[in-house]
Amino acid sequence: MSIVVTGATGQLGRHVLEALLERGVPAGEIVAAGRSVEKLADFAARGVQVKAMDYADAGSVAAALKGAKRVLLISGSEVGQRVDQHRTVIEAARAEGVELLAYTSIANADTTAMLLANEHKATEALLRESGVPFVLLRNGWYLENYTQQLPGILAQGAVAGSAGDGKVSGASRADYAHAAAAVLVADDQAGKVYELGGDDAFSMADLASEISAATGKSISYNDLPAGEYAGLLASVGVPEAFAEILADSDLGIARGDLLVSTGDLRRLIGRPTTSLGQAVRAAAAAA
């Protein structure tokens with residue numbers, strides 16, 4: 001079987017490649033497709049097929065999927081362009097006659113009102129209309145969304161946001177990647193929907209507490225009105241439109257939109273998910 005991982009040059013994609021190899025998939029049966037193929041030299045050296053592919057270039061997408069049996073469509077990173085980009089991959093998968101296309105969607109895509117979910121909802125609709133056998137990997141938040149902010153949080157002495165007391169079921173990128181790999185190598189996956197999230201939900205106050213414990217520095221949670229939080233993000237270089245989407249996502253957390261209690265992620269990876277405390281302690285040690 002040939003398994004194609006799109007967006008393989010990104011952080012999630014690299015984790016998926018590693019997870020597939022750990023599961024014993026022969027390197028020669030894995031295709032790593034992405035724009036910056038030089039970033040995949042280490043996998044190429046291990047025998048993984050590397051193909052240049054740009055979501056916006058239908059020809060490169062068709063070439064990358066040539067001979068594919070199973071495809072992991074990792075959602076694009078360019079908000080506002082993703083539906084058209086995903087459509088290109090879905091159409092290429094249909095033309096190639098792939099037996100399964102797995103898509104990394106967002107947690108609770110069918111019920112959330114978060115702006116960030118709109119393109120995921122549209123992509124799920126495309127998949128349903130396409131005739132391509134598909135499985136939905138509705139990923140929750142990455143713990144790295146928060147741990148990568150550690151230097152700034154420590155500099156400010158506070159976690160800022162608009163999530164109130166809401167909780168999020170976060171897990172590590174590696175956790176989600178291992179779940180994707182498990183689905184890609186399993187049988188009878190077409191039509192399944194996995195709601196994926198960490199075992200233990202946490203609030204932003206919990207995040208502040210974990211950072212305090214890991215660093216010995218007193219960190220608080222500063223809850224802001226969404227407009228003020230968006231302005232703060234914009235002031236540190238986040239594009240204004242995306243800052244508004246991030247602030248809206250925090251409002252979604254406040255509503256419970258990113259709570260996941262299915263246990264799907266734990267079952268797929270066969271172990272407990274990475275905890276917030278583990279992730280924060282690792283980030284603090286590496287800082």
# chains A, B, ... in the order shown; residues from 1 in each chain; ligands from 1

$ select_by_dssp --residues "region 12-224 of chain A" --states "helix (DSSP H, G or I)" --output "VMD selection string"
chain A and resid 12 to 22 27 to 29 37 to 44 58 to 64 82 to 96 115 to 130 144 to 147 150 to 156 173 to 185 204 to 215

$ closest_atom_pairs --of "region 46-102 of chain A" --to "region 170-194 of chain A" --cutoff "12 Å" --atoms "only C-alpha atoms" --output "CSV"
residue,atom,partner,partner_atom,distance
A:Lys69,CA,A:Leu184,CA,10.0
A:Arg70,CA,A:Leu184,CA,6.8
A:Val71,CA,A:Leu184,CA,7.8
A:Leu72,CA,A:Leu184,CA,7.6
A:Leu73,CA,A:Ala180,CA,10.3
A:Ile74,CA,A:Ala180,CA,9.9
A:Val98,CA,A:Ala190,CA,11.3
A:Glu99,CA,A:Ala190,CA,8.4
A:Leu100,CA,A:Ala190,CA,6.4
A:Leu101,CA,A:Ala190,CA,8.1
A:Ala102,CA,A:Leu184,CA,7.4

$ write_last_selection --atoms "C-alpha atoms" --output "short mmCIF file (atom, residue, chain, number, x, y, z; two decimals), in the first residue's frame"
data_model
loop_
_atom_site.label_atom_id
_atom_site.label_comp_id
_atom_site.auth_asym_id
_atom_site.auth_seq_id
_atom_site.Cartn_x
_atom_site.Cartn_y
_atom_site.Cartn_z
CA LYS A 69 -4.07 3.91 -1.72
CA ARG A 70 -4.50 5.98 1.43
CA VAL A 71 -4.05 9.72 1.91
CA LEU A 72 -3.79 11.92 4.96
CA LEU A 73 -4.99 15.42 4.09
CA ILE A 74 -3.50 17.67 6.76
CA VAL A 98 -7.86 6.12 -3.37
CA GLU A 99 -9.40 3.68 -0.91
CA LEU A 100 -9.31 6.09 2.05
CA LEU A 101 -8.76 9.80 2.63
CA ALA A 102 -8.28 10.92 6.23
#

$ residues_around --residues "region 43-49 of chain A" --least-positions-apart "4" --cutoff "8 Å" --atoms "only C-alpha atoms" --output "list in words"
Ala27, Gly28, Glu29, Ile30, Val31 and Ala32 of chain A

$ atom_distance --atom1 "CA of Thr273 (chain A)" --atom2 "CA of Gly252 (chain A)"
22.4 Å

$ closest_atom_pairs --of "region 130-201 of chain A" --to "region 212-222 of chain A" --cutoff "7 Å" --atoms "only C-alpha atoms" --output "JSON lines"
{"residue": "A:Gly157", "atom": "CA", "partner": "A:Ile219", "partner_atom": "CA", "distance": 5.1}
{"residue": "A:Ala158", "atom": "CA", "partner": "A:Ser220", "partner_atom": "CA", "distance": 4.7}
{"residue": "A:Val159", "atom": "CA", "partner": "A:Tyr221", "partner_atom": "CA", "distance": 4.7}
{"residue": "A:Ala160", "atom": "CA", "partner": "A:Asn222", "partner_atom": "CA", "distance": 4.8}
{"residue": "A:Gly161", "atom": "CA", "partner": "A:Asn222", "partner_atom": "CA", "distance": 6.5}

$ write_last_selection --atoms "N, CA and C atoms" --output "mmCIF file, in the first residue's frame"
data_model
loop_
_atom_site.group_PDB
_atom_site.id
_atom_site.type_symbol
_atom_site.label_atom_id
_atom_site.label_comp_id
_atom_site.auth_asym_id
_atom_site.auth_seq_id
_atom_site.Cartn_x
_atom_site.Cartn_y
_atom_site.Cartn_z
ATOM 1 N N GLY A 157 4.423 37.790 32.729
ATOM 2 C CA GLY A 157 3.974 37.370 34.054
ATOM 3 C C GLY A 157 2.525 36.930 34.079
ATOM 4 N N ALA A 158 1.943 36.687 32.913
ATOM 5 C CA ALA A 158 0.532 36.308 32.863
ATOM 6 C C ALA A 158 0.202 35.608 31.555
ATOM 7 N N VAL A 159 -0.799 34.739 31.649
ATOM 8 C CA VAL A 159 -1.455 34.180 30.472
ATOM 9 C C VAL A 159 -2.620 35.113 30.153
ATOM 10 N N ALA A 160 -2.725 35.528 28.905
ATOM 11 C CA ALA A 160 -3.835 36.396 28.502
ATOM 12 C C ALA A 160 -4.782 35.627 27.601
ATOM 13 N N GLY A 161 -6.066 35.964 27.667
ATOM 14 C CA GLY A 161 -7.034 35.310 26.803
ATOM 15 C C GLY A 161 -8.438 35.777 27.086
#

$ residues_around --residues "Thr104 (chain A)" --least-positions-apart "6" --cutoff "7 Å" --atoms "only C-alpha atoms" --output "list of chain:residue names"
A:Leu73, A:Ile74, A:Ser75, A:Leu136, A:Leu137, A:Arg138, A:Asn139

$ closest_residue --among "A:Glu119, A:Gly76, A:Asp206, A:Gly67" --to "Gly13 (chain A)" --atoms "only C-alpha atoms"
A:Gly76

$ atom_distance --atom1 "CA of Ala282 (chain A)" --atom2 "CA of Gly270 (chain A)"
21.7 Å

$ closest_atom_pairs --of "region 84-172 of chain A" --to "region 226-247 of chain A" --cutoff "10 Å" --atoms "only C-alpha atoms" --output "Markdown table"
| residue | atom | partner | partner_atom | distance |
| --- | --- | --- | --- | --- |
| A:Met114 | CA | A:Ile245 | CA | 8.1 |
| A:Leu115 | CA | A:Ile245 | CA | 6.1 |
| A:Leu116 | CA | A:Ile245 | CA | 6.3 |
| A:Ala117 | CA | A:Ile245 | CA | 9.9 |
| A:Ala160 | CA | A:Tyr229 | CA | 7.4 |
| A:Gly161 | CA | A:Tyr229 | CA | 6.0 |
| A:Ser162 | CA | A:Ala226 | CA | 5.5 |
| A:Ala163 | CA | A:Ala247 | CA | 8.5 |

$ write_last_selection --atoms "N, CA and C atoms" --output "PDB file, in the first residue's frame"
ATOM      1  N   MET A 114     -17.324  28.353  16.324  1.00  0.00           N
ATOM      2  CA  MET A 114     -16.059  29.057  16.173  1.00  0.00           C
ATOM      3  C   MET A 114     -15.793  29.406  14.714  1.00  0.00           C
ATOM      4  N   LEU A 115     -15.308  30.622  14.476  1.00  0.00           N
ATOM      5  CA  LEU A 115     -14.983  31.046  13.116  1.00  0.00           C
ATOM      6  C   LEU A 115     -13.942  30.136  12.480  1.00  0.00           C
ATOM      7  N   LEU A 116     -13.002  29.670  13.296  1.00  0.00           N
ATOM      8  CA  LEU A 116     -11.922  28.839  12.778  1.00  0.00           C
ATOM      9  C   LEU A 116     -12.442  27.525  12.195  1.00  0.00           C
ATOM     10  N   ALA A 117     -13.649  27.136  12.596  1.00  0.00           N
ATOM     11  CA  ALA A 117     -14.205  25.865  12.134  1.00  0.00           C
ATOM     12  C   ALA A 117     -14.855  25.957  10.761  1.00  0.00           C
ATOM     13  N   ALA A 160      -2.725  35.528  28.905  1.00  0.00           N
ATOM     14  CA  ALA A 160      -3.835  36.396  28.502  1.00  0.00           C
ATOM     15  C   ALA A 160      -4.782  35.627  27.601  1.00  0.00           C
ATOM     16  N   GLY A 161      -6.066  35.964  27.667  1.00  0.00           N
ATOM     17  CA  GLY A 161      -7.034  35.310  26.803  1.00  0.00           C
ATOM     18  C   GLY A 161      -8.438  35.777  27.086  1.00  0.00           C
ATOM     19  N   SER A 162      -9.381  35.138  26.426  1.00  0.00           N
ATOM     20  CA  SER A 162     -10.800  35.485  26.591  1.00  0.00           C
ATOM     21  C   SER A 162     -11.644  34.233  26.816  1.00  0.00           C
ATOM     22  N   ALA A 163     -11.024  33.214  27.417  1.00  0.00           N
ATOM     23  CA  ALA A 163     -11.681  31.925  27.566  1.00  0.00           C
ATOM     24  C   ALA A 163     -12.462  31.790  28.870  1.00  0.00           C
TER      25      ALA A 163
END

$ closest_residue --among "A:Thr147, A:Ser105, A:Gln81, A:Thr112" --to "Ala285 (chain A)" --atoms "only C-alpha atoms"
A:Thr147

$ closest_residue --among "A:Ala8, A:Met1, A:Val89, A:Leu126" --to "Val25 (chain A)" --atoms "only C-alpha atoms"
A:Met1

$ residues_around --residues "region 277-280 of chain A" --least-positions-apart "2" --cutoff "7 Å" --atoms "only C-alpha atoms" --output "list in words"
Leu143, Thr147, Glu210, Ile211, Ala214, Thr274, Ser275, Ala282, Ala283 and Ala284 of chain A

$ closest_residue --among "A:Arg271, A:Arg266, A:Arg35, A:Arg128" --to "Glu195 (chain A)" --atoms "only C-alpha atoms"
A:Arg266

$ atom_distance --atom1 "CA of Arg14 (chain A)" --atom2 "CA of Leu150 (chain A)"
22.6 Å

$ residues_around --residues "Ala254 (chain A)" --least-positions-apart "4" --cutoff "10 Å" --atoms "only C-alpha atoms" --output "ChimeraX atom specification"
/A:162-168,203,248-250,258-259

$ closest_residue --among "A:Ala33, A:Ala68, A:Ala205, A:Ala122" --to "Lys51 (chain A)" --atoms "only C-alpha atoms"
A:Ala33

$ closest_residue --among "A:Gly97, A:Pro133, A:Gly263, A:Gly140" --to "Ala109 (chain A)" --atoms "only C-alpha atoms"
A:Gly140

$ select_by_dssp --residues "region 10-204 of chain A" --states "strand (DSSP E)" --output "PyMOL selection string"
chain A and resi 30-34+49-52+70-73+100-106+134-139+158-161+167-168+193-196+202-203

$ decode --residues "region 79-177 of chain A" --atoms "C-alpha atoms" --output "PDB file, in the first residue's frame"
ATOM      1  CA  VAL A  79      -6.799  30.606   6.608  1.00  0.00           C
ATOM      2  CA  GLY A  80      -9.179  31.862   3.924  1.00  0.00           C
ATOM      3  CA  GLN A  81      -7.661  29.704   1.185  1.00  0.00           C
ATOM      4  CA  ARG A  82      -8.054  26.277   2.678  1.00  0.00           C
ATOM      5  CA  VAL A  83     -11.347  25.165   1.146  1.00  0.00           C
ATOM      6  CA  ASP A  84     -10.064  25.557  -2.419  1.00  0.00           C
ATOM      7  CA  GLN A  85      -6.764  23.927  -1.463  1.00  0.00           C
ATOM      8  CA  HIS A  86      -8.508  20.974   0.145  1.00  0.00           C
ATOM      9  CA  ARG A  87     -10.837  20.636  -2.844  1.00  0.00           C
ATOM     10  CA  THR A  88      -7.781  20.184  -5.064  1.00  0.00           C
ATOM     11  CA  VAL A  89      -6.574  17.264  -2.957  1.00  0.00           C
ATOM     12  CA  ILE A  90     -10.032  15.688  -2.726  1.00  0.00           C
ATOM     13  CA  GLU A  91     -10.492  15.862  -6.502  1.00  0.00           C
ATOM     14  CA  ALA A  92      -7.061  14.330  -7.077  1.00  0.00           C
ATOM     15  CA  ALA A  93      -7.884  11.552  -4.605  1.00  0.00           C
ATOM     16  CA  ARG A  94     -11.134  10.838  -6.430  1.00  0.00           C
ATOM     17  CA  ALA A  95      -9.386  10.745  -9.807  1.00  0.00           C
ATOM     18  CA  GLU A  96      -6.773   8.380  -8.403  1.00  0.00           C
ATOM     19  CA  GLY A  97      -9.407   6.108  -6.857  1.00  0.00           C
ATOM     20  CA  VAL A  98      -7.863   6.119  -3.373  1.00  0.00           C
ATOM     21  CA  GLU A  99      -9.403   3.677  -0.911  1.00  0.00           C
ATOM     22  CA  LEU A 100      -9.306   6.095   2.046  1.00  0.00           C
ATOM     23  CA  LEU A 101      -8.758   9.803   2.633  1.00  0.00           C
ATOM     24  CA  ALA A 102      -8.279  10.917   6.234  1.00  0.00           C
ATOM     25  CA  TYR A 103      -8.797  14.604   6.967  1.00  0.00           C
ATOM     26  CA  THR A 104      -7.588  16.563  10.008  1.00  0.00           C
ATOM     27  CA  SER A 105     -10.653  18.603  10.916  1.00  0.00           C
ATOM     28  CA  ILE A 106     -11.465  20.420  14.177  1.00  0.00           C
ATOM     29  CA  ALA A 107     -13.076  19.115  17.354  1.00  0.00           C
ATOM     30  CA  ASN A 108     -16.881  19.184  17.359  1.00  0.00           C
ATOM     31  CA  ALA A 109     -16.908  20.556  13.814  1.00  0.00           C
ATOM     32  CA  ASP A 110     -20.596  19.844  13.394  1.00  0.00           C
ATOM     33  CA  THR A 111     -21.676  21.831  16.461  1.00  0.00           C
ATOM     34  CA  THR A 112     -19.091  24.533  17.152  1.00  0.00           C
ATOM     35  CA  ALA A 113     -19.755  28.159  16.248  1.00  0.00           C
ATOM     36  CA  MET A 114     -16.059  29.057  16.173  1.00  0.00           C
ATOM     37  CA  LEU A 115     -14.983  31.046  13.116  1.00  0.00           C
ATOM     38  CA  LEU A 116     -11.922  28.839  12.778  1.00  0.00           C
ATOM     39  CA  ALA A 117     -14.205  25.865  12.134  1.00  0.00           C
ATOM     40  CA  ASN A 118     -15.887  27.297   9.042  1.00  0.00           C
ATOM     41  CA  GLU A 119     -13.335  26.015   6.530  1.00  0.00           C
ATOM     42  CA  HIS A 120     -13.270  22.635   8.248  1.00  0.00           C
ATOM     43  CA  LYS A 121     -17.067  22.384   8.001  1.00  0.00           C
ATOM     44  CA  ALA A 122     -16.878  23.279   4.311  1.00  0.00           C
ATOM     45  CA  THR A 123     -14.180  20.662   3.711  1.00  0.00           C
ATOM     46  CA  GLU A 124     -16.214  17.995   5.489  1.00  0.00           C
ATOM     47  CA  ALA A 125     -19.125  18.876   3.182  1.00  0.00           C
ATOM     48  CA  LEU A 126     -16.858  18.519   0.136  1.00  0.00           C
ATOM     49  CA  LEU A 127     -15.788  15.094   1.330  1.00  0.00           C
ATOM     50  CA  ARG A 128     -19.370  13.939   1.769  1.00  0.00           C
ATOM     51  CA  GLU A 129     -20.206  15.068  -1.750  1.00  0.00           C
ATOM     52  CA  SER A 130     -17.040  13.685  -3.347  1.00  0.00           C
ATOM     53  CA  GLY A 131     -17.708   9.957  -3.346  1.00  0.00           C
ATOM     54  CA  VAL A 132     -14.210   9.398  -1.910  1.00  0.00           C
ATOM     55  CA  PRO A 133     -14.135   7.019   1.085  1.00  0.00           C
ATOM     56  CA  PHE A 134     -13.098   9.242   3.996  1.00  0.00           C
ATOM     57  CA  VAL A 135     -12.534   9.334   7.739  1.00  0.00           C
ATOM     58  CA  LEU A 136     -12.610  12.479   9.870  1.00  0.00           C
ATOM     59  CA  LEU A 137      -9.920  13.136  12.458  1.00  0.00           C
ATOM     60  CA  ARG A 138     -11.446  16.011  14.390  1.00  0.00           C
ATOM     61  CA  ASN A 139      -8.391  17.226  16.259  1.00  0.00           C
ATOM     62  CA  GLY A 140      -8.686  19.334  19.384  1.00  0.00           C
ATOM     63  CA  TRP A 141      -6.205  22.009  20.416  1.00  0.00           C
ATOM     64  CA  TYR A 142      -2.481  21.296  20.452  1.00  0.00           C
ATOM     65  CA  LEU A 143      -0.764  21.710  23.821  1.00  0.00           C
ATOM     66  CA  GLU A 144       1.978  23.390  21.786  1.00  0.00           C
ATOM     67  CA  ASN A 145      -0.458  26.250  21.089  1.00  0.00           C
ATOM     68  CA  TYR A 146       0.260  27.229  24.673  1.00  0.00           C
ATOM     69  CA  THR A 147       3.731  25.900  25.447  1.00  0.00           C
ATOM     70  CA  GLN A 148       5.214  27.725  22.458  1.00  0.00           C
ATOM     71  CA  GLN A 149       4.039  30.947  24.072  1.00  0.00           C
ATOM     72  CA  LEU A 150       6.035  30.244  27.238  1.00  0.00           C
ATOM     73  CA  PRO A 151       8.761  32.880  26.742  1.00  0.00           C
ATOM     74  CA  GLY A 152       6.170  35.619  26.205  1.00  0.00           C
ATOM     75  CA  ILE A 153       4.045  34.434  29.125  1.00  0.00           C
ATOM     76  CA  LEU A 154       7.048  34.476  31.428  1.00  0.00           C
ATOM     77  CA  ALA A 155       8.046  37.931  30.203  1.00  0.00           C
ATOM     78  CA  GLN A 156       4.536  39.291  30.850  1.00  0.00           C
ATOM     79  CA  GLY A 157       3.974  37.370  34.054  1.00  0.00           C
ATOM     80  CA  ALA A 158       0.532  36.308  32.863  1.00  0.00           C
ATOM     81  CA  VAL A 159      -1.455  34.180  30.472  1.00  0.00           C
ATOM     82  CA  ALA A 160      -3.835  36.396  28.502  1.00  0.00           C
ATOM     83  CA  GLY A 161      -7.034  35.310  26.803  1.00  0.00           C
ATOM     84  CA  SER A 162     -10.800  35.485  26.591  1.00  0.00           C
ATOM     85  CA  ALA A 163     -11.681  31.925  27.566  1.00  0.00           C
ATOM     86  CA  GLY A 164     -13.070  32.694  31.004  1.00  0.00           C
ATOM     87  CA  ASP A 165     -13.396  29.513  33.056  1.00  0.00           C
ATOM     88  CA  GLY A 166     -13.851  27.401  29.936  1.00  0.00           C
ATOM     89  CA  LYS A 167     -11.825  24.254  29.513  1.00  0.00           C
ATOM     90  CA  VAL A 168     -10.077  22.733  26.515  1.00  0.00           C
ATOM     91  CA  SER A 169      -9.201  19.074  25.934  1.00  0.00           C
ATOM     92  CA  GLY A 170      -5.680  19.615  24.638  1.00  0.00           C
ATOM     93  CA  ALA A 171      -3.129  17.004  23.582  1.00  0.00           C
ATOM     94  CA  SER A 172       0.291  17.056  21.953  1.00  0.00           C
ATOM     95  CA  ARG A 173       0.891  17.085  18.218  1.00  0.00           C
ATOM     96  CA  ALA A 174       2.592  13.726  18.605  1.00  0.00           C
ATOM     97  CA  ASP A 175      -0.579  12.297  20.185  1.00  0.00           C
ATOM     98  CA  TYR A 176      -2.720  13.423  17.249  1.00  0.00           C
ATOM     99  CA  ALA A 177      -0.081  12.184  14.797  1.00  0.00           C
TER     100      ALA A 177
END
